[in-house]
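Content type CSV, C-alpha atoms, from the file entry12.csv:
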chain,number,residue,atom,x,y,z
A,14,PRO,CA,2.7,33.2,76.7
A,15,SER,CA,2.4,34.3,80.2
A,16,SER,CA,3.7,37.7,81.4
A,17,ASP,CA,6.5,35.8,83.2
A,18,ASP,CA,7.5,34.1,79.9
A,19,ALA,CA,7.4,37.4,78.1
A,20,ALA,CA,9.6,38.9,80.8
A,21,ASP,CA,12.0,36.0,80.6
A,22,MET,CA,12.3,36.4,76.8
A,23,THR,CA,12.9,40.1,77.1
A,24,ASP,CA,15.7,39.3,79.6
A,25,VAL,CA,17.3,36.8,77.2
A,26,LYS,CA,17.2,39.2,74.3
A,27,SER,CA,18.8,41.9,76.4
A,28,GLU,CA,21.5,39.6,77.6
A,29,ALA,CA,22.2,38.4,74.0
A,30,ALA,CA,22.4,42.0,72.8
A,31,ALA,CA,24.9,42.9,75.7
A,32,ARG,CA,27.1,39.9,74.8
A,33,VAL,CA,27.2,40.6,71.0
A,34,GLU,CA,28.0,44.3,71.7
A,35,TYR,CA,30.9,43.2,73.9
A,36,ALA,CA,32.1,41.0,71.1
A,37,HIS,CA,31.9,43.9,68.6
A,38,ARG,CA,33.4,46.5,70.9
A,39,VAL,CA,36.1,44.5,72.7
A,40,ILE,CA,36.8,41.1,71.2
A,41,ALA,CA,36.7,41.7,67.4
A,42,PRO,CA,39.2,44.6,67.5
A,43,ARG,CA,41.7,42.5,69.5
A,44,VAL,CA,41.4,39.5,67.1
A,45,ARG,CA,41.5,41.7,64.1
A,46,GLU,CA,44.8,43.3,65.2
A,47,LEU,CA,46.4,40.0,65.7
A,48,THR,CA,45.2,38.3,62.5
A,49,LEU,CA,46.1,41.2,60.3
A,50,LYS,CA,49.6,41.4,61.8
A,51,TRP,CA,50.4,37.9,60.5
A,52,PHE,CA,48.3,38.0,57.3
A,53,GLN,CA,50.6,37.6,54.2
A,54,SER,CA,53.6,37.4,56.6
A,55,PRO,CA,56.5,35.0,55.5
A,56,GLU,CA,56.9,34.2,59.2
A,57,LEU,CA,53.4,32.6,59.5
A,58,LYS,CA,53.7,29.1,60.9
A,59,ILE,CA,51.5,26.6,59.2
A,60,GLU,CA,50.6,23.1,60.3
A,61,ARG,CA,48.3,20.3,59.2
A,62,LYS,CA,45.7,18.8,61.5
A,63,GLY,CA,44.9,15.1,61.6
A,64,ASP,CA,42.0,15.7,59.1
A,65,GLY,CA,44.4,17.3,56.6
A,66,SER,CA,43.1,20.9,57.2
A,67,VAL,CA,45.6,23.7,57.9
A,68,VAL,CA,46.0,25.6,61.1
A,69,THR,CA,48.4,28.3,62.2
A,70,HIS,CA,49.8,29.6,65.5
A,71,VAL,CA,47.5,32.7,64.9
A,72,ASP,CA,44.3,30.5,65.0
A,73,ARG,CA,45.3,29.2,68.4
A,74,GLU,CA,46.5,32.5,69.8
A,75,ALA,CA,43.4,34.3,68.6
A,76,GLU,CA,41.1,31.7,70.2
A,77,GLN,CA,43.0,32.0,73.5
A,78,ILE,CA,42.5,35.8,73.4
A,79,ILE,CA,38.8,35.3,72.8
A,80,ARG,CA,38.4,32.8,75.6
A,81,GLY,CA,40.3,35.0,78.0
A,82,LEU,CA,38.1,38.0,77.2
A,83,ILE,CA,34.8,36.1,77.5
A,84,SER,CA,35.9,34.5,80.8
A,85,LYS,CA,36.8,37.9,82.2
A,86,GLU,CA,33.4,39.5,81.4
A,87,PHE,CA,31.0,36.5,81.4
A,88,ALA,CA,32.6,34.0,83.8
A,89,GLY,CA,29.6,31.7,83.9
A,90,ASP,CA,29.3,31.2,80.1
A,91,GLY,CA,30.4,28.1,78.2
A,92,ILE,CA,32.7,28.3,75.3
A,93,LEU,CA,33.1,26.1,72.3
A,94,GLY,CA,35.9,26.8,69.9
A,95,GLU,CA,37.4,25.0,66.9
A,96,GLU,CA,40.9,24.9,68.3
A,97,PHE,CA,40.4,24.1,72.0
A,98,GLY,CA,37.0,22.3,72.2
A,99,ASP,CA,34.2,22.8,74.6
A,100,THR,CA,34.3,24.0,78.2
A,101,ARG,CA,31.0,22.3,79.1
A,102,LYS,CA,30.1,18.7,78.2
A,103,PRO,CA,28.1,17.4,76.4
A,104,PRO,CA,27.7,20.4,74.0
A,105,GLU,CA,24.4,19.3,72.5
A,106,THR,CA,22.6,19.5,75.9
A,107,PHE,CA,24.3,22.6,77.3
A,108,ARG,CA,21.8,24.9,79.0
A,109,GLY,CA,22.4,28.6,79.5
A,110,TRP,CA,24.8,30.9,77.7
A,111,ARG,CA,27.5,29.6,75.4
A,112,TRP,CA,29.9,31.3,72.9
A,113,VAL,CA,30.7,29.3,69.7
A,114,VAL,CA,33.9,30.7,68.1
A,115,ASP,CA,36.1,30.2,65.1
A,116,PRO,CA,38.9,32.7,65.2
A,117,ILE,CA,39.8,32.3,61.5
A,118,ASP,CA,37.1,30.7,59.4
A,119,GLY,CA,38.8,30.2,56.1
A,120,THR,CA,42.3,29.4,57.3
A,121,GLY,CA,43.1,28.0,53.8
A,122,SER,CA,42.5,31.4,52.4
A,123,TYR,CA,44.4,33.1,55.2
A,124,VAL,CA,47.6,31.1,54.6
A,125,ARG,CA,47.5,31.7,50.9
A,126,GLY,CA,47.1,35.5,51.4
A,127,ILE,CA,43.5,35.6,50.1
A,128,PRO,CA,41.3,38.1,52.0
A,129,HIS,CA,38.2,36.0,52.3
A,130,TRP,CA,38.6,34.8,55.9
A,131,VAL,CA,36.6,35.9,58.9
A,132,LEU,CA,36.1,35.8,62.6
A,133,LEU,CA,33.0,33.9,63.7
A,134,ILE,CA,31.4,34.4,67.1
A,135,GLY,CA,28.0,32.8,67.7
A,136,ILE,CA,26.2,33.4,71.0
A,137,GLU,CA,23.7,30.7,72.1
A,138,HIS,CA,21.1,30.4,74.8
A,139,ASP,CA,19.9,26.9,75.7
A,140,ALA,CA,21.7,25.7,72.5
A,141,ASP,CA,19.8,28.2,70.3
A,142,PRO,CA,21.9,30.6,68.2
A,143,ILE,CA,20.4,34.0,69.0
A,144,ALA,CA,23.2,36.4,68.4
A,145,GLY,CA,26.3,36.6,66.3
A,146,LEU,CA,29.3,38.5,64.9
A,147,ILE,CA,31.2,38.1,61.7
A,148,ASP,CA,34.2,40.3,61.2
A,149,VAL,CA,36.1,40.5,57.9
A,150,PRO,CA,39.4,42.1,58.8
A,151,VAL,CA,40.9,42.7,55.4
A,152,MET,CA,37.6,44.1,54.0
A,153,ASN,CA,37.1,46.2,57.1
A,154,GLU,CA,33.5,45.0,57.4
A,155,THR,CA,31.6,43.7,60.4
A,156,LEU,CA,28.2,42.2,61.0
A,157,HIS,CA,26.7,41.9,64.4
A,158,GLY,CA,23.2,41.4,65.7
A,159,SER,CA,20.9,39.6,68.0
A,160,ARG,CA,17.3,38.3,67.9
A,161,GLY,CA,14.7,41.0,67.6
A,162,ALA,CA,17.4,43.8,67.3
A,163,GLY,CA,18.4,43.4,63.6
A,164,VAL,CA,21.9,43.1,62.2
A,165,LYS,CA,24.3,46.1,62.0
A,166,TRP,CA,26.5,46.1,59.0
A,167,THR,CA,29.6,48.3,59.6
A,168,GLN,CA,31.0,49.0,56.1
A,169,ARG,CA,34.6,49.6,55.2
A,170,ASN,CA,34.1,53.4,55.2
A,171,GLY,CA,32.7,53.3,58.7
A,172,VAL,CA,29.1,53.8,57.7
A,173,VAL,CA,26.7,51.5,59.6
A,174,ARG,CA,23.6,50.1,57.8
A,175,ALA,CA,21.0,47.5,58.6
A,176,ALA,CA,21.9,44.2,57.0
A,177,LYS,CA,19.1,42.7,54.9
A,178,VAL,CA,19.0,39.7,52.5
A,179,SER,CA,18.1,40.1,48.9
A,180,ASP,CA,14.6,39.9,47.5
A,181,VAL,CA,15.4,37.5,44.6
A,182,GLN,CA,12.4,35.2,44.4
A,183,ALA,CA,13.5,32.1,42.3
A,184,ALA,CA,16.6,29.9,42.3
A,185,ALA,CA,16.7,30.3,38.5
A,186,ASP,CA,17.5,34.0,39.1
A,187,ALA,CA,19.9,33.4,42.1
A,188,LEU,CA,23.6,34.0,42.5
A,189,ILE,CA,24.7,31.2,44.8
A,190,GLU,CA,27.9,30.4,46.7
A,191,ILE,CA,28.9,26.8,46.5
A,192,GLY,CA,31.9,24.6,47.2
A,193,PRO,CA,34.2,23.1,44.6
A,194,ALA,CA,32.9,20.4,42.2
A,195,ARG,CA,35.7,18.1,43.2
A,196,SER,CA,34.7,18.1,46.9
A,197,PHE,CA,31.0,17.4,45.9
A,198,HIS,CA,32.1,14.5,43.6
A,199,ARG,CA,34.3,13.0,46.2
A,200,ALA,CA,31.4,12.9,48.6
A,201,GLU,CA,29.2,11.4,45.9
A,202,PHE,CA,27.2,14.7,45.6
A,203,GLY,CA,28.4,15.4,42.1
A,204,ASP,CA,24.9,15.4,40.6
A,205,ILE,CA,23.7,17.8,43.2
A,206,HIS,CA,26.6,20.2,42.4
A,207,GLN,CA,25.7,20.0,38.7
A,208,ARG,CA,22.0,20.7,39.3
A,209,LEU,CA,22.8,23.7,41.5
A,210,CYS,CA,25.1,25.2,39.0
A,211,MET,CA,23.0,24.6,36.0
A,212,ASP,CA,19.6,25.5,37.5
A,213,THR,CA,20.7,28.8,39.1
A,214,ARG,CA,21.7,32.0,37.4
A,215,ARG,CA,25.3,32.0,38.5
A,216,SER,CA,27.6,30.2,41.0
A,217,ARG,CA,30.7,31.4,42.8
A,218,GLY,CA,33.0,30.1,45.6
A,219,TRP,CA,34.2,31.9,48.7
A,220,SER,CA,35.2,30.8,52.2
A,221,ASP,CA,32.1,29.8,54.1
A,222,GLY,CA,31.9,32.6,56.7
A,223,TYR,CA,32.5,35.3,54.0
A,224,ALA,CA,29.7,33.8,52.0
A,225,PHE,CA,27.4,34.3,55.0
A,226,VAL,CA,28.4,38.0,55.1
A,227,LEU,CA,27.5,38.3,51.4
A,228,LEU,CA,24.2,36.5,51.9
A,229,ALA,CA,23.2,38.6,54.9
A,230,THR,CA,23.9,41.8,53.1
A,231,GLY,CA,22.1,40.9,49.9
A,232,ARG,CA,25.1,40.5,47.7
A,233,VAL,CA,24.5,36.8,47.1
A,234,ASP,CA,21.2,34.9,47.4
A,235,ALA,CA,22.2,31.5,48.8
A,236,ALA,CA,25.1,29.4,50.0
A,237,ILE,CA,25.3,25.6,49.9
A,238,HIS,CA,27.9,23.4,51.6
A,239,PHE,CA,28.5,20.2,53.6
A,240,GLY,CA,31.0,18.9,56.1
A,241,PHE,CA,30.3,21.6,58.8
A,242,HIS,CA,30.8,21.8,62.5
A,243,ARG,CA,28.8,23.9,64.9
A,244,TRP,CA,31.5,26.6,65.1
A,245,ASP,CA,31.1,27.0,61.3
A,246,LEU,CA,27.4,27.7,61.5
A,247,SER,CA,26.3,29.3,64.9
A,248,ALA,CA,27.2,32.9,64.1
A,249,GLY,CA,26.0,32.7,60.5
A,250,MET,CA,22.6,31.2,61.5
A,251,ALA,CA,21.9,34.0,64.0
A,252,ILE,CA,22.9,36.7,61.6
A,253,ILE,CA,21.3,35.3,58.5
A,254,GLU,CA,18.0,34.7,60.2
A,255,GLU,CA,17.9,38.2,61.8
A,256,ALA,CA,18.7,39.7,58.4
A,257,GLY,CA,15.6,38.0,57.0
A,258,GLY,CA,17.1,34.8,55.6
A,259,ARG,CA,17.0,31.1,56.5
A,260,MET,CA,19.5,28.4,57.3
A,261,THR,CA,18.7,24.6,57.4
A,262,ASP,CA,20.1,21.2,56.7
A,263,TRP,CA,19.5,19.7,53.3
A,264,LYS,CA,16.2,18.3,54.5
A,265,GLY,CA,14.9,21.7,55.4
A,266,LYS,CA,15.3,21.4,59.2
A,267,ARG,CA,16.8,24.1,61.3
A,268,VAL,CA,19.8,22.5,63.0
A,269,ALA,CA,22.7,24.5,64.5
A,270,ASP,CA,25.2,21.7,64.1
A,271,ALA,CA,24.1,20.4,60.7
A,272,ARG,CA,26.8,18.7,58.7
A,273,HIS,CA,25.1,19.7,55.4
A,274,MET,CA,23.8,23.2,55.1
A,275,VAL,CA,21.8,25.4,52.8
A,276,ALA,CA,21.4,29.1,53.7
A,277,SER,CA,19.4,31.5,51.6
A,278,ASN,CA,17.4,34.7,51.5
A,279,GLY,CA,14.4,32.6,52.3
A,280,HIS,CA,12.6,33.2,49.0
A,281,VAL,CA,14.7,30.7,47.0
A,282,HIS,CA,15.0,28.1,49.8
A,283,ALA,CA,12.3,25.7,48.7
A,284,ASP,CA,13.7,25.7,45.1
A,285,LEU,CA,17.2,24.9,46.3
A,286,LEU,CA,15.9,22.1,48.6
A,287,LYS,CA,14.3,20.5,45.5
A,288,LEU,CA,17.5,20.7,43.6
A,289,ILE,CA,19.4,19.1,46.5
A,290,THR,CA,17.0,16.2,47.0

Let's see the structure in the file written out as structure tokens.
Amino acid sequence: PSSDDAADMTDVKSEAAARVEYAHRVIAPRVRELTLKWFQSPELKIERKGDGSVVTHVDREAEQIIRGLISKEFAGDGILGEEFGDTRKPPETFRGWRWVVDPIDGTGSYVRGIPHWVLLIGIEHDADPIAGLIDVPVMNETLHGSRGAGVKWTQRNGVVRAAKVSDVQAAADALIEIGPARSFHRAEFGDIHQRLCMDTRRSRGWSDGYAFVLLATGRVDAAIHFGFHRWDLSAGMAIIEEAGGRMTDWKGKRVADARHMVASNGHVHADLLKLIT
């Protein structure tokens, strides 16, 4: 690359780091305060969307807070959120900076009083996820990082460590996170679910964003799901890759808005793709 290209890349990395630090310092604490206020509250207002998934007034209020803070500090940036859509059309060709947010990933857990829900904030440049934040309010854990700068894991006791994926080398030895068998069977992926569960060491199920936290910090070795949207994956892709892992679709292609996803520590990825296909 030319010196100009290298300088441009340095600028992009610096801008990405500034944005994710703002997300960590300003946005995450505000959203955490709101979501914890209503967690396990009998006054929580629950609705159903057209697709049957649940949503609460907290999801919507949290996204409005996020949008307001981003617009105040980075007025030229685009925003894509689960609850209020995209500020720039069409999203797949957006050039420049864009934030991709899901204020409560795991709303199903949130409304049942289960602690495995997270805030997802992906930061993209020219449609490439290069920075991200995942906050786990009840667990008092946060991951945030950007390309070339690593991922900081703020643990529940306040200690900050570098996040790193596990070094498990084979799927047969892997602890994987996977969705429920019923969902896989309904989508005619029942045989895939069975192979993944039988040919790995152990399988568990958590909300998707929380699984990304566990993967990026080496506590699980892979996560396999389907039926995603971009706001489900952008933050996780940036963080998992920077922590040393890999995220692709089920054909092994890196796609930020893949509907079917396998994320891993990288070592077991090829094994898992064979089980899926």

Original post:
Got a sec: who's within 12 Å of A:Ala36, counting all atoms listed in the file, leaving out chain neighbours fewer than 6 positions off, as number ranges by chain?
Top reply: A: 29-30, 42-45, 78-80, 82-83, 86-87, 112-114, 132-136, 144-148, 155-159, 248

**OP:** Work out how far apart atom CA of A:Ile289 and atom CA of A:Asp64 are and give it in Å to one decimal.
**Re:**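 The value is 26.1 Å.
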
With all atoms listed in the file as the counted atoms, please give the residues lying no more than 12 Å from A:Met274, apart from itself and same-chain residues fewer than 2 positions off, as a short mmCIF file (atom, residue, chain, number, x, y, z; two decimals) with C-alpha atoms, in the frame of the given file.
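Okay, this is what ended up in result12.cif:
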data_model
loop_
_atom_site.label_atom_id
_atom_site.label_comp_id
_atom_site.auth_asym_id
_atom_site.auth_seq_id
_atom_site.Cartn_x
_atom_site.Cartn_y
_atom_site.Cartn_z
CA GLU A 190 27.90 30.40 46.70
CA ILE A 191 28.90 26.80 46.50
CA GLY A 192 31.90 24.60 47.20
CA ASP A 221 32.10 29.80 54.10
CA PHE A 225 27.40 34.30 55.00
CA ALA A 235 22.20 31.50 48.80
CA ALA A 236 25.10 29.40 50.00
CA ILE A 237 25.30 25.60 49.90
CA HIS A 238 27.90 23.40 51.60
CA PHE A 239 28.50 20.20 53.60
CA GLY A 240 31.00 18.90 56.10
CA PHE A 241 30.30 21.60 58.80
CA HIS A 242 30.80 21.80 62.50
CA ARG A 243 28.80 23.90 64.90
CA ASP A 245 31.10 27.00 61.30
CA LEU A 246 27.40 27.70 61.50
CA SER A 247 26.30 29.30 64.90
CA GLY A 249 26.00 32.70 60.50
CA MET A 250 22.60 31.20 61.50
CA ARG A 259 17.00 31.10 56.50
CA MET A 260 19.50 28.40 57.30
CA THR A 261 18.70 24.60 57.40
CA ASP A 262 20.10 21.20 56.70
CA TRP A 263 19.50 19.70 53.30
CA LYS A 264 16.20 18.30 54.50
CA GLY A 265 14.90 21.70 55.40
CA LYS A 266 15.30 21.40 59.20
CA ARG A 267 16.80 24.10 61.30
CA VAL A 268 19.80 22.50 63.00
CA ALA A 269 22.70 24.50 64.50
CA ASP A 270 25.20 21.70 64.10
CA ALA A 271 24.10 20.40 60.70
CA ARG A 272 26.80 18.70 58.70
CA ALA A 276 21.40 29.10 53.70
CA SER A 277 19.40 31.50 51.60
CA HIS A 282 15.00 28.10 49.80
CA LEU A 285 17.20 24.90 46.30
CA LEU A 286 15.90 22.10 48.60
CA ILE A 289 19.40 19.10 46.50
#

Original post:
So, counting only C-alpha atoms, which residue among A:Met211, A:Ala175, A:Trp130, A:Val181 is closest to A:Leu49?
Top reply: A:Trp130

Subject >> A:Arg73 environment, 12 Å, all atoms listed in the file, sequence neighbours closer than 2 positions dropped, as a ChimeraX atom specification >> reply: /A:44,47-48,58-60,67-71,75-80,94-98,114-117,120

**OP:** Tell me which protein, DNA and RNA residues are within 10 Å of A:Pro193, counting only C-alpha atoms, leaving out same-chain ones fewer than 3 positions away, and put them as a list in words.
**Re:**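 Residues near the query, excluding close chain neighbours: Glu190, Ser196, Phe197, His198, Gly203, His206, Arg217, Gly218, Trp219 and His238 of chain A.
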
Original post:
In Å, with one decimal, what is the gap from atom CA of A:Leu57 to atom CA of A:Val33?
Top reply: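 Separating atom CA of A:Leu57 from atom CA of A:Val33 is a distance of 29.7 Å.
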
Subject >> Closest of A:Glu56, A:Glu28, A:Asp118, A:Glu46 to A:Tyr223 - atom-to-atom distances counting only C-alpha atoms >> reply: A:Asp118

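Here atom CA of A:Asp72 is placed at a distance of 15.9 Å from atom CA of A:Val151.
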
**OP:** Could you tell me which of A:Leu227, A:Thr100, A:His138, A:Trp51 comes closest to A:Asp24 if we count all atoms listed in the file?
**Re:** A:His138

**OP:** Can you work out which one of A:Ala162, A:Thr213, A:Glu201, A:Val173 has the shortest atom-to-atom distance to A:Thr23, counting only C-alpha atoms?
**Re:** A:Ala162
